[in-house]
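Listing of entry-v1.cif, mmCIF, C-alpha atoms
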```cif
data_data
#
loop_
_atom_site.label_atom_id
_atom_site.label_comp_id
_atom_site.auth_asym_id
_atom_site.auth_seq_id
_atom_site.Cartn_x
_atom_site.Cartn_y
_atom_site.Cartn_z
CA MET A 1 -141.64 67.31 -144.63
CA GLY A 2 -141.80 63.71 -145.77
CA ASN A 3 -143.83 61.58 -143.39
CA ILE A 4 -143.23 63.77 -140.35
CA SER A 5 -146.77 65.15 -140.34
CA GLN A 6 -147.97 61.92 -138.78
CA PHE A 7 -145.99 62.87 -135.68
CA ALA A 8 -147.42 66.35 -135.36
CA GLY A 9 -148.61 65.60 -131.86
CA LYS A 10 -151.89 65.06 -130.12
CA THR A 11 -154.81 67.37 -130.76
CA LYS A 12 -154.81 70.20 -128.25
CA PRO A 13 -156.73 73.44 -127.75
CA THR A 14 -155.62 76.27 -130.01
CA PRO A 15 -153.38 78.63 -128.01
CA HIS A 16 -154.21 82.27 -127.57
CA ARG A 17 -152.80 84.42 -130.38
CA ILE A 18 -150.79 87.28 -128.88
CA GLU A 19 -150.91 90.45 -130.98
CA SER A 20 -148.36 92.77 -129.35
CA GLU A 21 -145.40 92.98 -126.99
CA GLU A 22 -147.55 94.86 -124.49
CA GLU A 23 -150.06 92.02 -124.46
CA ALA A 24 -147.25 89.48 -124.04
CA LEU A 25 -145.92 91.32 -120.99
CA ALA A 26 -149.40 91.59 -119.48
CA ILE A 27 -150.02 87.86 -119.94
CA ALA A 28 -146.64 87.04 -118.39
CA ARG A 29 -147.51 89.11 -115.31
CA GLU A 30 -150.90 87.39 -115.00
CA LEU A 31 -149.33 83.94 -115.25
CA ALA A 32 -146.63 84.89 -112.76
CA LEU A 33 -149.28 85.65 -110.15
CA ARG A 34 -150.74 82.17 -110.64
CA PHE A 35 -147.39 80.42 -110.70
CA SER A 36 -146.16 82.03 -107.48
CA ASP A 37 -149.02 80.53 -105.45
CA ARG A 38 -147.51 77.04 -105.18
CA ALA A 39 -143.86 77.85 -105.85
CA ILE A 40 -142.79 76.96 -102.31
CA GLU A 41 -144.68 73.67 -102.39
CA ARG A 42 -143.26 72.72 -105.80
CA ASP A 43 -139.73 73.37 -104.57
CA LEU A 44 -140.04 71.62 -101.21
CA GLU A 45 -141.85 68.54 -102.53
CA ARG A 46 -140.39 68.60 -106.05
CA VAL A 47 -143.76 68.80 -107.77
CA LEU A 48 -143.06 69.15 -111.49
CA PRO A 49 -145.02 72.05 -113.07
CA HIS A 50 -146.88 70.13 -115.78
CA ASP A 51 -150.08 72.15 -115.34
CA GLU A 52 -148.17 75.42 -115.30
CA LEU A 53 -146.32 74.55 -118.52
CA ASP A 54 -149.66 73.70 -120.15
CA GLN A 55 -150.93 77.13 -119.14
CA LEU A 56 -147.79 78.74 -120.48
CA ALA A 57 -148.20 77.03 -123.84
CA GLN A 58 -151.89 77.90 -124.09
CA SER A 59 -151.16 81.54 -123.25
CA GLY A 60 -149.32 81.96 -126.55
CA LEU A 61 -146.09 83.12 -124.91
CA LEU A 62 -144.05 80.25 -126.33
CA ALA A 63 -144.68 81.52 -129.87
CA ILE A 64 -143.76 85.18 -129.39
CA SER A 65 -140.27 84.96 -130.93
CA ILE A 66 -141.51 83.44 -134.21
CA PRO A 67 -140.90 85.79 -137.18
CA SER A 68 -143.89 87.76 -138.45
CA GLU A 69 -143.76 86.07 -141.86
CA TYR A 70 -144.64 82.82 -140.07
CA GLU A 71 -147.52 84.43 -138.12
CA GLY A 72 -145.55 85.30 -134.98
CA ILE A 73 -144.94 88.78 -133.55
CA ASP A 74 -141.12 88.50 -133.61
CA VAL A 75 -140.89 89.94 -130.12
CA SER A 76 -137.79 91.99 -129.30
CA ASN A 77 -135.13 90.27 -127.22
CA VAL A 78 -135.54 93.00 -124.60
CA VAL A 79 -139.12 91.87 -124.10
CA LEU A 80 -138.22 88.17 -124.30
CA ALA A 81 -135.70 88.62 -121.47
CA GLU A 82 -138.15 90.67 -119.40
CA ILE A 83 -140.90 88.06 -119.79
CA THR A 84 -138.38 85.44 -118.64
CA ALA A 85 -137.54 87.58 -115.61
CA ILE A 86 -141.23 88.04 -114.77
CA LEU A 87 -141.85 84.29 -114.84
CA ALA A 88 -138.59 83.52 -113.01
CA GLU A 89 -139.47 85.94 -110.23
CA ALA A 90 -142.55 83.80 -109.59
CA ASP A 91 -140.75 80.46 -110.04
CA SER A 92 -137.26 80.41 -111.51
CA SER A 93 -137.62 76.82 -112.71
CA ILE A 94 -140.61 77.80 -114.84
CA GLY A 95 -138.62 80.76 -116.11
CA GLN A 96 -135.78 78.49 -117.19
CA ILE A 97 -137.71 75.60 -118.76
CA PRO A 98 -138.60 77.42 -122.03
CA GLN A 99 -135.00 78.54 -122.58
CA GLY A 100 -134.20 75.59 -124.83
CA HIS A 101 -137.48 76.10 -126.69
CA PHE A 102 -136.57 79.67 -127.65
CA TYR A 103 -132.98 78.67 -128.44
CA VAL A 104 -134.30 76.07 -130.87
CA LEU A 105 -136.65 78.57 -132.52
CA GLU A 106 -133.68 80.87 -133.10
CA ALA A 107 -131.64 78.00 -134.55
CA LEU A 108 -134.51 77.31 -136.94
CA ARG A 109 -134.65 80.98 -137.90
CA GLN A 110 -130.95 80.95 -138.71
CA HIS A 111 -130.33 77.63 -140.44
CA ALA A 112 -133.53 75.74 -141.28
CA THR A 113 -134.90 75.37 -144.80
CA GLU A 114 -138.04 77.25 -145.76
CA GLU A 115 -140.06 74.04 -145.50
CA GLN A 116 -138.66 73.29 -142.05
CA LYS A 117 -139.44 76.80 -140.82
CA ARG A 118 -143.02 76.65 -142.02
CA PHE A 119 -143.59 73.28 -140.42
CA PHE A 120 -141.88 73.75 -137.05
CA PHE A 121 -142.86 77.39 -136.57
CA GLY A 122 -146.37 76.20 -137.38
CA ARG A 123 -146.16 73.55 -134.68
CA ALA A 124 -144.97 76.18 -132.17
CA MET A 125 -147.85 78.47 -133.15
CA ALA A 126 -150.16 75.50 -132.51
CA GLY A 127 -148.84 75.22 -128.95
CA ASP A 128 -146.19 72.52 -129.31
CA ARG A 129 -143.20 72.69 -126.97
CA PHE A 130 -139.60 71.94 -127.90
CA GLY A 131 -137.41 70.35 -125.26
CA SER A 132 -133.64 70.44 -125.16
CA ALA A 133 -131.59 67.30 -125.76
CA LEU A 134 -128.45 69.25 -126.55
CA SER A 135 -126.15 68.94 -123.54
CA GLU A 136 -123.75 66.08 -122.93
CA SER A 137 -120.47 65.55 -121.13
CA GLY A 138 -117.29 63.71 -122.02
CA ASP A 139 -116.13 62.56 -125.43
CA ASP A 140 -118.96 60.11 -126.09
CA LYS A 141 -121.03 62.37 -128.35
CA ALA A 142 -124.40 61.46 -129.83
CA ARG A 143 -124.12 60.35 -133.46
CA ILE A 144 -126.50 60.55 -136.41
CA THR A 145 -126.17 58.23 -139.41
CA GLY A 146 -128.22 57.77 -142.56
CA ASN A 147 -130.21 54.59 -143.17
CA GLY A 148 -131.85 55.29 -146.54
CA ALA A 149 -135.33 56.10 -145.27
CA GLY A 150 -134.02 58.77 -142.93
CA TYR A 151 -131.49 58.84 -140.09
CA ARG A 152 -130.80 57.11 -136.80
CA ILE A 153 -129.46 58.73 -133.63
CA ASN A 154 -127.73 57.00 -130.75
CA GLY A 155 -126.42 58.69 -127.64
CA ARG A 156 -127.13 59.98 -124.18
CA LYS A 157 -127.95 63.54 -123.13
CA GLN A 158 -127.66 65.16 -119.72
CA ASN A 159 -129.27 68.29 -118.26
CA SER A 160 -132.12 68.02 -120.76
CA THR A 161 -134.19 70.95 -119.54
CA GLY A 162 -137.73 70.88 -120.86
CA ALA A 163 -137.60 67.33 -122.21
CA LEU A 164 -140.11 66.01 -119.67
CA PHE A 165 -142.64 68.64 -120.74
CA ALA A 166 -141.96 68.61 -124.48
CA ASP A 167 -143.91 67.60 -127.57
CA TRP A 168 -140.70 67.57 -129.62
CA LEU A 169 -137.09 66.92 -128.70
CA ALA A 170 -134.34 68.95 -130.32
CA ILE A 171 -131.36 66.57 -130.36
CA SER A 172 -127.81 67.61 -131.16
CA ALA A 173 -125.65 64.94 -132.81
CA LEU A 174 -122.52 64.67 -134.92
CA ASP A 175 -122.88 63.42 -138.48
CA PRO A 176 -120.28 61.10 -140.11
CA ALA A 177 -118.18 64.17 -141.01
CA ASP A 178 -118.20 65.32 -137.36
CA ARG A 179 -120.47 68.25 -138.16
CA MET A 180 -123.02 69.27 -135.56
CA THR A 181 -126.70 68.79 -136.38
CA ILE A 182 -129.99 69.37 -134.58
CA SER A 183 -132.71 66.82 -135.24
CA PHE A 184 -136.37 67.20 -134.35
CA VAL A 185 -138.24 64.11 -133.20
CA PRO A 186 -141.58 63.69 -131.41
CA ARG A 187 -141.05 62.89 -127.76
CA ALA A 188 -142.94 59.58 -128.11
CA THR A 189 -140.64 58.27 -130.86
CA ASP A 190 -139.48 54.67 -130.40
CA GLY A 191 -136.04 54.53 -128.81
CA VAL A 192 -136.42 57.74 -126.81
CA ARG A 193 -136.23 57.28 -123.05
CA ILE A 194 -136.45 60.27 -120.68
CA ILE A 195 -135.20 59.64 -117.15
CA ASP A 196 -136.33 62.00 -114.41
CA ASP A 197 -133.06 61.83 -112.48
CA TRP A 198 -132.45 65.55 -111.90
CA ASP A 199 -131.31 65.88 -108.27
CA SER A 200 -129.86 69.38 -108.04
CA PHE A 201 -130.33 71.26 -104.77
CA GLY A 202 -131.56 74.26 -106.81
CA GLN A 203 -133.82 74.72 -109.83
CA ARG A 204 -135.36 71.50 -108.54
CA VAL A 205 -138.40 71.35 -110.82
CA THR A 206 -136.85 72.13 -114.20
CA GLY A 207 -137.01 68.40 -114.95
CA SER A 208 -133.48 68.59 -116.37
CA GLY A 209 -132.92 64.84 -116.46
CA THR A 210 -131.29 62.41 -118.86
CA VAL A 211 -132.41 61.50 -122.37
CA VAL A 212 -131.32 58.12 -123.72
CA LEU A 213 -131.43 57.68 -127.51
CA GLU A 214 -131.34 54.15 -128.85
CA ASP A 215 -131.50 53.84 -132.64
CA VAL A 216 -134.02 56.71 -132.80
CA HIS A 217 -135.50 57.31 -136.26
CA VAL A 218 -135.29 60.83 -137.66
CA ASP A 219 -137.29 61.93 -140.69
CA LEU A 220 -135.29 63.06 -143.73
CA GLY A 221 -136.62 66.60 -143.45
CA SER A 222 -136.06 67.03 -139.72
CA VAL A 223 -132.31 67.64 -139.54
CA VAL A 224 -130.90 71.18 -139.34
CA PRO A 225 -127.16 71.81 -140.05
CA HIS A 226 -126.36 73.40 -136.69
CA HIS A 227 -122.62 73.38 -137.44
CA ARG A 228 -123.20 76.56 -139.42
CA GLY A 229 -123.86 78.27 -136.12
CA PHE A 230 -120.23 77.72 -135.13
CA GLU A 231 -118.70 78.83 -138.43
CA ARG A 232 -119.49 82.54 -138.09
CA PRO A 233 -120.84 84.82 -135.36
CA ASN A 234 -124.64 84.80 -135.15
CA THR A 235 -127.43 85.37 -132.62
CA ILE A 236 -128.32 81.79 -131.65
CA GLY A 237 -126.11 81.71 -128.58
CA SER A 238 -127.00 85.30 -127.66
CA VAL A 239 -130.73 84.53 -127.61
CA GLY A 240 -130.13 81.49 -125.42
CA GLU A 241 -127.89 83.39 -123.04
CA ILE A 242 -130.04 86.49 -122.62
CA ILE A 243 -132.82 84.20 -121.42
CA HIS A 244 -130.44 82.77 -118.80
CA ALA A 245 -129.70 86.37 -117.75
CA GLY A 246 -133.44 86.94 -117.43
CA VAL A 247 -133.73 83.93 -115.11
CA ASP A 248 -130.99 85.34 -112.85
CA LEU A 249 -132.65 88.75 -112.87
CA GLY A 250 -135.96 87.20 -111.84
CA ILE A 251 -134.31 85.39 -108.92
CA ALA A 252 -132.65 88.64 -107.82
CA ARG A 253 -135.95 90.51 -107.92
CA ALA A 254 -137.75 87.80 -105.95
CA ALA A 255 -135.08 87.67 -103.23
CA PHE A 256 -135.03 91.46 -103.00
CA ARG A 257 -138.82 91.61 -102.68
CA GLU A 258 -138.71 89.11 -99.81
CA THR A 259 -135.92 91.13 -98.18
CA LEU A 260 -137.97 94.31 -98.21
CA ASP A 261 -141.00 92.57 -96.73
CA LEU A 262 -139.00 91.01 -93.91
CA VAL A 263 -136.87 94.04 -93.06
CA ARG A 264 -139.86 96.38 -92.96
CA ASN A 265 -141.50 94.15 -90.35
CA ALA A 266 -138.41 93.17 -88.34
CA ALA A 267 -137.40 94.61 -85.00
CA ALA A 268 -133.94 96.13 -84.74
CA ALA A 269 -131.32 93.64 -83.57
CA LYS A 270 -129.74 94.34 -80.17
CA SER A 271 -130.50 98.05 -80.19
CA ASP A 272 -131.70 100.29 -77.39
CA VAL A 273 -132.17 103.17 -79.79
CA LEU A 274 -133.84 101.77 -82.91
CA GLU A 275 -137.20 100.01 -82.92
CA ARG A 276 -137.25 98.73 -86.49
CA ALA A 277 -134.54 97.12 -88.59
CA SER A 278 -135.56 99.43 -91.42
CA GLU A 279 -134.25 102.39 -89.39
CA ASP A 280 -130.70 101.05 -89.26
CA ALA A 281 -128.34 103.04 -91.50
CA LEU A 282 -126.23 100.02 -92.45
CA THR A 283 -129.32 98.01 -93.36
CA ILE A 284 -130.63 100.87 -95.48
CA ALA A 285 -127.29 101.14 -97.28
CA ARG A 286 -127.16 97.40 -97.99
CA VAL A 287 -130.69 97.48 -99.39
CA GLY A 288 -129.60 100.33 -101.64
CA GLU A 289 -126.55 98.40 -102.78
CA VAL A 290 -128.64 95.41 -103.83
CA ALA A 291 -131.20 97.64 -105.54
CA ILE A 292 -128.45 99.29 -107.58
CA ARG A 293 -127.06 95.91 -108.66
CA ILE A 294 -130.49 94.82 -109.84
CA GLU A 295 -131.05 98.12 -111.66
CA ALA A 296 -127.67 97.80 -113.38
CA ALA A 297 -128.39 94.23 -114.45
CA THR A 298 -131.81 95.26 -115.77
CA ALA A 299 -130.33 98.12 -117.78
CA LEU A 300 -127.57 96.00 -119.27
CA ILE A 301 -130.00 93.23 -120.24
CA GLU A 302 -132.11 95.85 -122.04
CA HIS A 303 -129.00 97.19 -123.78
CA ALA A 304 -127.90 93.69 -124.77
CA GLY A 305 -131.39 92.85 -126.01
CA ARG A 306 -131.30 95.80 -128.39
CA LYS A 307 -127.91 94.65 -129.66
CA VAL A 308 -129.35 91.20 -130.39
CA ASP A 309 -132.31 92.79 -132.15
CA THR A 310 -129.93 94.72 -134.38
CA ALA A 311 -127.90 91.62 -135.17
CA GLN A 312 -131.05 89.73 -136.18
CA VAL A 313 -132.25 92.50 -138.48
CA ASP A 314 -128.80 93.26 -139.93
CA PRO A 315 -126.84 89.99 -139.48
CA THR A 316 -123.30 91.23 -140.01
CA GLU A 317 -120.37 89.71 -138.17
CA GLU A 318 -119.76 93.01 -136.38
CA HIS A 319 -123.31 93.18 -135.07
CA ALA A 320 -123.26 89.54 -133.99
CA VAL A 321 -120.01 90.03 -132.06
CA GLU A 322 -121.34 93.19 -130.37
CA ALA A 323 -124.49 91.33 -129.37
CA SER A 324 -122.54 88.40 -127.94
CA LEU A 325 -120.26 90.64 -125.88
CA SER A 326 -123.16 92.69 -124.52
CA VAL A 327 -125.18 89.61 -123.60
CA THR A 328 -122.12 88.12 -121.91
CA ALA A 329 -121.72 91.24 -119.79
CA ALA A 330 -125.43 91.20 -118.93
CA LYS A 331 -125.20 87.57 -117.84
CA VAL A 332 -122.26 88.37 -115.56
CA LEU A 333 -124.10 91.23 -113.86
CA ALA A 334 -127.38 89.34 -113.57
CA ALA A 335 -125.67 86.32 -112.01
CA ALA A 336 -123.89 88.56 -109.49
CA ALA A 337 -127.16 90.35 -108.68
CA ALA A 338 -128.97 87.06 -108.05
CA LEU A 339 -126.33 85.76 -105.67
CA GLU A 340 -125.95 89.11 -103.91
CA ALA A 341 -129.69 89.54 -103.42
CA ALA A 342 -130.06 85.98 -102.11
CA ASN A 343 -127.22 86.45 -99.61
CA ALA A 344 -128.43 89.89 -98.50
CA LEU A 345 -131.85 88.43 -97.74
CA PHE A 346 -130.40 86.43 -94.84
CA ASP A 347 -127.89 89.09 -93.78
CA LEU A 348 -130.64 91.66 -93.35
CA ALA A 349 -133.69 89.62 -92.32
CA GLY A 350 -131.93 87.80 -89.49
CA SER A 351 -132.57 84.43 -87.90
CA ALA A 352 -136.30 84.46 -88.65
CA SER A 353 -135.52 84.13 -92.36
CA ALA A 354 -133.97 80.68 -91.78
CA LYS A 355 -137.25 78.98 -90.93
CA VAL A 356 -137.79 75.92 -93.10
CA ALA A 357 -141.46 76.73 -93.64
CA LEU A 358 -140.56 80.00 -95.38
CA ASN A 359 -138.20 78.18 -97.76
CA LEU A 360 -136.35 81.42 -98.45
CA ASP A 361 -133.16 79.49 -99.07
CA ARG A 362 -134.62 78.48 -102.43
CA TYR A 363 -133.51 81.82 -103.87
CA TRP A 364 -129.87 81.18 -102.99
CA ARG A 365 -130.12 77.53 -104.04
CA ASN A 366 -131.72 78.44 -107.35
CA ALA A 367 -129.25 81.24 -108.05
CA ARG A 368 -126.28 79.07 -107.16
CA ALA A 369 -127.46 76.10 -109.23
CA HIS A 370 -128.44 78.18 -112.25
CA THR A 371 -125.25 80.23 -112.36
CA LEU A 372 -123.20 77.03 -112.32
CA GLN A 373 -124.68 76.10 -115.69
CA ASP A 374 -122.71 78.80 -117.51
CA PRO A 375 -119.82 79.81 -115.20
CA VAL A 376 -119.07 83.53 -114.98
CA ARG A 377 -115.31 82.95 -114.89
CA TRP A 378 -115.47 81.87 -118.53
CA LYS A 379 -117.44 84.99 -119.39
CA HIS A 380 -114.61 87.17 -118.11
CA HIS A 381 -112.17 85.12 -120.17
CA LEU A 382 -114.31 85.43 -123.32
CA VAL A 383 -114.54 89.22 -123.06
CA GLY A 384 -110.88 89.63 -122.14
CA ASN A 385 -109.78 87.37 -124.97
CA TYR A 386 -111.69 89.49 -127.47
CA HIS A 387 -110.37 92.83 -126.26
CA LEU A 388 -106.80 91.65 -125.74
CA LYS A 389 -106.34 89.28 -128.68
CA GLY A 390 -109.24 89.97 -130.99
CA VAL A 391 -110.65 86.45 -130.55
CA LYS A 392 -114.32 86.59 -131.53
CA PRO A 393 -116.89 84.90 -129.24
CA ARG A 394 -117.90 81.40 -130.32
CA SER A 395 -121.51 81.42 -131.44
CA GLY A 396 -124.22 78.81 -131.50
CA SER A 397 -123.75 77.17 -128.10
CA LEU A 398 -126.55 76.82 -125.58
#
```
What does this structure look like when you write it as structure tokens?
Amino acid sequence: MGNISQFAGKTKPTPHRIESEEEALAIARELALRFSDRAIERDLERVLPHDELDQLAQSGLLAISIPSEYEGIDVSNVVLAEITAILAEADSSIGQIPQGHFYVLEALRQHATEEQKRFFFGRAMAGDRFGSALSESGDDKARITGNGAGYRINGRKQNSTGALFADWLAISALDPADRMTISFVPRATDGVRIIDDWDSFGQRVTGSGTVVLEDVHVDLGSVVPHHRGFERPNTIGSVGEIIHAGVDLGIARAAFRETLDLVRNAAAAKSDVLERASEDALTIARVGEVAIRIEAATALIEHAGRKVDTAQVDPTEEHAVEASLSVTAAKVLAAAAALEAANALFDLAGSASAKVALNLDRYWRNARAHTLQDPVRWKHHLVGNYHLKGVKPRSGSL
């Protein structure tokens, strides 16, 4: 990898080596219990979860999608989505932050050279975190140019989830032929400036700020031809999107759990007959409606995860298209479940649920902010366009 080894990052404790999917799920549940303790405080005071992300890295969970030939366990996408949902139920920001990390690992799996895979998968196995510097708006795209000893990148990235917590930045940029690339640079590289200017009303502690790139050096061996991900259907976008669906599912589960706790302990509203809100037939029916939406979203995410697994093992165009369509449907249902569960919480729990100290509005705020990132209306268009006109889903996007 040229001279990139000098940037391999600071010495850190060796992460736990996870041996099975069952162990990965158990560790996720244990971490979720810890992360939920201060979730309200982090949201209210915007306390960034640096310690929690360190724990997540040391747990070994950030390496579970690495292929077995590079010492990972190549976890199924069903399990990857479920682990995301478990973490997001505790704190949806923490559930979302690793999304770019796993997207990047899938991009490496698909398009990196053997040398790049061994190096960067090795760094992930050692506990390094990859942050996203992929999103930008407008026509002023980041550019990468050669300078003999390597490359230089200039540009500005928005919504850079994970960058504040990263060891490496994955930076998308157009080369002189307008082909998309992803470059890997250590976060401390000269010319990299990360601005903590994320001010969303939801997902407040994802640290999704701005990354400014000013003549940033990139090693010769650290550029991956990401444009290949847009030339034919593949699983890069599906992996990224099923994690987003897992975040929405986690929010839905958390809001539903709070609803049950509050309704079970609430008095019936304006009733001379019923003592408890949980005895009201309309309340019971609404709880059932939300539960069914969550169950449907869970089932479709599992179904979509298996489709992605198939497309990774047997990477035909047909399998990649099927995976993309299934993940898209799962994302639509999970987003709807998150918003429905967050709204039902207030409908059913009554005025007591509006107390600022409870901070229950964070579920609606988080669901609303997260679902804006990948609007559902475009998902309907994508699926309709395929079935009506045969237009295949565009792969490779975050």
Translate the PyMOL selection byres ((chain A and resi 30-43) around 9), as applied to the file shown, into an explicit residue set as a short mmCIF file (atom, residue, chain, number, x, y, z; two decimals) with C-alpha atoms, in the frame of the given file.
```cif
data_model
loop_
_atom_site.label_atom_id
_atom_site.label_comp_id
_atom_site.auth_asym_id
_atom_site.auth_seq_id
_atom_site.Cartn_x
_atom_site.Cartn_y
_atom_site.Cartn_z
CA LEU A 25 -145.92 91.32 -120.99
CA ALA A 26 -149.40 91.59 -119.48
CA ILE A 27 -150.02 87.86 -119.94
CA ALA A 28 -146.64 87.04 -118.39
CA ARG A 29 -147.51 89.11 -115.31
CA LEU A 44 -140.04 71.62 -101.21
CA GLU A 45 -141.85 68.54 -102.53
CA ARG A 46 -140.39 68.60 -106.05
CA VAL A 47 -143.76 68.80 -107.77
CA LEU A 48 -143.06 69.15 -111.49
CA PRO A 49 -145.02 72.05 -113.07
CA GLU A 52 -148.17 75.42 -115.30
CA GLN A 55 -150.93 77.13 -119.14
CA LEU A 56 -147.79 78.74 -120.48
CA SER A 59 -151.16 81.54 -123.25
CA ILE A 86 -141.23 88.04 -114.77
CA LEU A 87 -141.85 84.29 -114.84
CA ALA A 88 -138.59 83.52 -113.01
CA GLU A 89 -139.47 85.94 -110.23
CA ALA A 90 -142.55 83.80 -109.59
CA ASP A 91 -140.75 80.46 -110.04
CA ILE A 94 -140.61 77.80 -114.84
CA GLY A 202 -131.56 74.26 -106.81
CA GLN A 203 -133.82 74.72 -109.83
CA ARG A 204 -135.36 71.50 -108.54
CA VAL A 205 -138.40 71.35 -110.82
CA ALA A 357 -141.46 76.73 -93.64
CA LEU A 358 -140.56 80.00 -95.38
CA ASN A 359 -138.20 78.18 -97.76
CA LEU A 360 -136.35 81.42 -98.45
CA ARG A 362 -134.62 78.48 -102.43
#
```
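Nearest to Gly209 of chain A of all the residues A:Glu19, A:Asp361, A:Asp178, A:Asp197 is A:Asp197, based on all atoms listed in the file.
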Expansion of the PyMOL selection byres ((chain A and resi 234) around 6) into residues, as a compact mmCIF listing (two decimals) with C-alpha atoms, keeping the file's coordinate frame:
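Once written, selection_35.txt looks like this:
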```txt
# COMPACT_ATOMS: atom_id res chain seq x y z
CA PRO A 233 -120.84 84.82 -135.36
CA THR A 235 -127.43 85.37 -132.62
CA ILE A 236 -128.32 81.79 -131.65
CA ALA A 320 -123.26 89.54 -133.99
CA SER A 395 -121.51 81.42 -131.44
```
Quiz item: Between A:Asn265, A:Thr206, A:Ser68, A:Gln373, which is the closest to Gly122 of chain A once you count all atoms listed in the file?
Solution: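 Closest candidate: A:Ser68.
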Quiz item: To one decimal place, how far is atom CA of Ile171 of chain A from atom CA of Gln96 of chain A in Å?
Solution: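 Computing the Euclidean distance for atom CA of Ile171 of chain A and atom CA of Gln96 of chain A yields 18.3 Å.
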